[in-house]
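Input: a single structure, listed below in structure tokens.
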Amino acid sequence: MNIFKMKSSVAVFIFVSIILISMTIQQNPVKPWPVPDDYKNMTNPVEKGESSNNAGKALYDKYCASCHGKTGLGDGVKGRALKDFPGDFSGEYYQNQTDGEHFYKTKVGRGEMPKYEDRMSDEDIWNMVNYMRTFKKAD
Ligand code: HEC
């Protein structure tokens, strides 16, 4: 038997195995993330509307979409490589939370979710919170 042929078939076998294994690796589902009451019940100081959405979109596309995906499905290029699923912002679990909960989680972060409190003003975060509401699935 040609030794070169054998090696390449081994290589093909390993390659196919890696693909199959990586297809079955699942990301950890979203774990409950408790938010302190004073944040949960916070009033969003930034009025929802086109101007806030535009400001929020510019920031979101730049800082968040790589993980959370352009439309918030958690399917950004970087997001798919994370251990934890970043969440589906169009779904009920996300959309049923208060603005204050979204604000808190963006501000303080957890695990692979970076914290933005040192990098962005509160107003920037509220603009993104408003923009991320637009990912809601149509009822
Ligand atoms: C490096 C990847 C990464 C980036 C960049 C990132 N996130 Fe996240 N985000 C995550 C992960 C992972 C989680 C899930 C964390 C957990 O549950 O422990 C998450 C969770 C969240 C949650 C909570 C979701 C829920 O369903 O409760 C919000 C809100 C959020 N991110 C907003 C943002 C915003 C806004 C930005 C940009 C300013 C951003 N994230 C940037 C990875 C990222």
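Numbering starts fresh at 1 for the residues of each chain in the structure tokens, the chains themselves are lettered A, B, ... in the order given, and ligands are numbered from 1 as they appear.
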
Inset, instruction - Do a neighbour search on range 80-96 of chain A at 6 Å with only C-alpha atoms, toss out local chain neighbours closer than 3 positions, and write the hits as a PyMOL selection string. - result: chain A and resi 27-29+72-75+77+135-137

Just-selected residues, N, CA and C atoms written as a PDB file, in the first residue's frame:
ATOM      1  N   GLN A  27     -23.295  25.364  23.111  1.00  0.00           N
ATOM      2  CA  GLN A  27     -22.936  26.434  24.035  1.00  0.00           C
ATOM      3  C   GLN A  27     -23.808  26.292  25.282  1.00  0.00           C
ATOM      4  N   ASN A  28     -23.271  26.769  26.425  1.00  0.00           N
ATOM      5  CA  ASN A  28     -24.075  26.770  27.645  1.00  0.00           C
ATOM      6  C   ASN A  28     -25.288  27.676  27.439  1.00  0.00           C
ATOM      7  N   PRO A  29     -26.474  27.234  27.867  1.00  0.00           N
ATOM      8  CA  PRO A  29     -27.642  28.102  27.735  1.00  0.00           C
ATOM      9  C   PRO A  29     -27.540  29.294  28.687  1.00  0.00           C
ATOM     10  N   GLY A  72     -29.209  40.690  16.889  1.00  0.00           N
ATOM     11  CA  GLY A  72     -29.376  40.283  18.281  1.00  0.00           C
ATOM     12  C   GLY A  72     -29.678  38.816  18.523  1.00  0.00           C
ATOM     13  N   LEU A  73     -29.429  37.965  17.540  1.00  0.00           N
ATOM     14  CA  LEU A  73     -29.767  36.548  17.723  1.00  0.00           C
ATOM     15  C   LEU A  73     -28.683  35.769  18.477  1.00  0.00           C
ATOM     16  N   GLY A  74     -27.573  36.434  18.783  1.00  0.00           N
ATOM     17  CA  GLY A  74     -26.486  35.739  19.477  1.00  0.00           C
ATOM     18  C   GLY A  74     -25.590  34.991  18.504  1.00  0.00           C
ATOM     19  N   ASP A  75     -25.663  35.388  17.225  1.00  0.00           N
ATOM     20  CA  ASP A  75     -24.954  34.633  16.191  1.00  0.00           C
ATOM     21  C   ASP A  75     -23.807  35.423  15.549  1.00  0.00           C
ATOM     22  N   VAL A  77     -19.949  36.456  14.760  1.00  0.00           N
ATOM     23  CA  VAL A  77     -18.818  35.555  14.474  1.00  0.00           C
ATOM     24  C   VAL A  77     -18.115  35.156  15.776  1.00  0.00           C
ATOM     25  N   PHE A 135     -35.263  44.707  18.315  1.00  0.00           N
ATOM     26  CA  PHE A 135     -35.021  43.342  17.829  1.00  0.00           C
ATOM     27  C   PHE A 135     -36.208  42.421  18.121  1.00  0.00           C
ATOM     28  N   LYS A 136     -37.173  42.922  18.875  1.00  0.00           N
ATOM     29  CA  LYS A 136     -38.324  42.098  19.264  1.00  0.00           C
ATOM     30  C   LYS A 136     -38.988  41.484  18.025  1.00  0.00           C
ATOM     31  N   LYS A 137     -39.310  40.187  18.134  1.00  0.00           N
ATOM     32  CA  LYS A 137     -40.024  39.507  17.036  1.00  0.00           C
ATOM     33  C   LYS A 137     -41.402  40.140  16.903  1.00  0.00           C
TER      34      LYS A 137
END

Legend entry - Surrounding residues as number ranges by chain, ligand 1, max 9 Å, only C-alpha atoms and all ligand atoms: A: 28-33, 56, 59-68, 74, 76, 78-79, 82-89, 91, 93-95, 97, 101-107, 109-116, 120, 124-125, 128-129, 132

Legend entry - Selection: 9 Å around Asn41 in chain A, only C-alpha atoms, excl. self and same-chain fewer than 6 positions, as a ChimeraX atom specification: /A:98-101

Inset, instruction - Going by DSSP on the backbone, which bits of range 14-130 of chain A are alpha helix (DSSP H)? Write them as an MDAnalysis selection string, please. - result: chainID A and resid 14:24 37:40 50:63 65:68 92:95 99:108 122:130

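Counting from CA of Ser52 in chain A, the distance to CA of Val108 in chain A is 21.5 Å.
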
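As for CA of Gln26 in chain A and CA of Val10 in chain A, they are spaced 26.4 Å apart.
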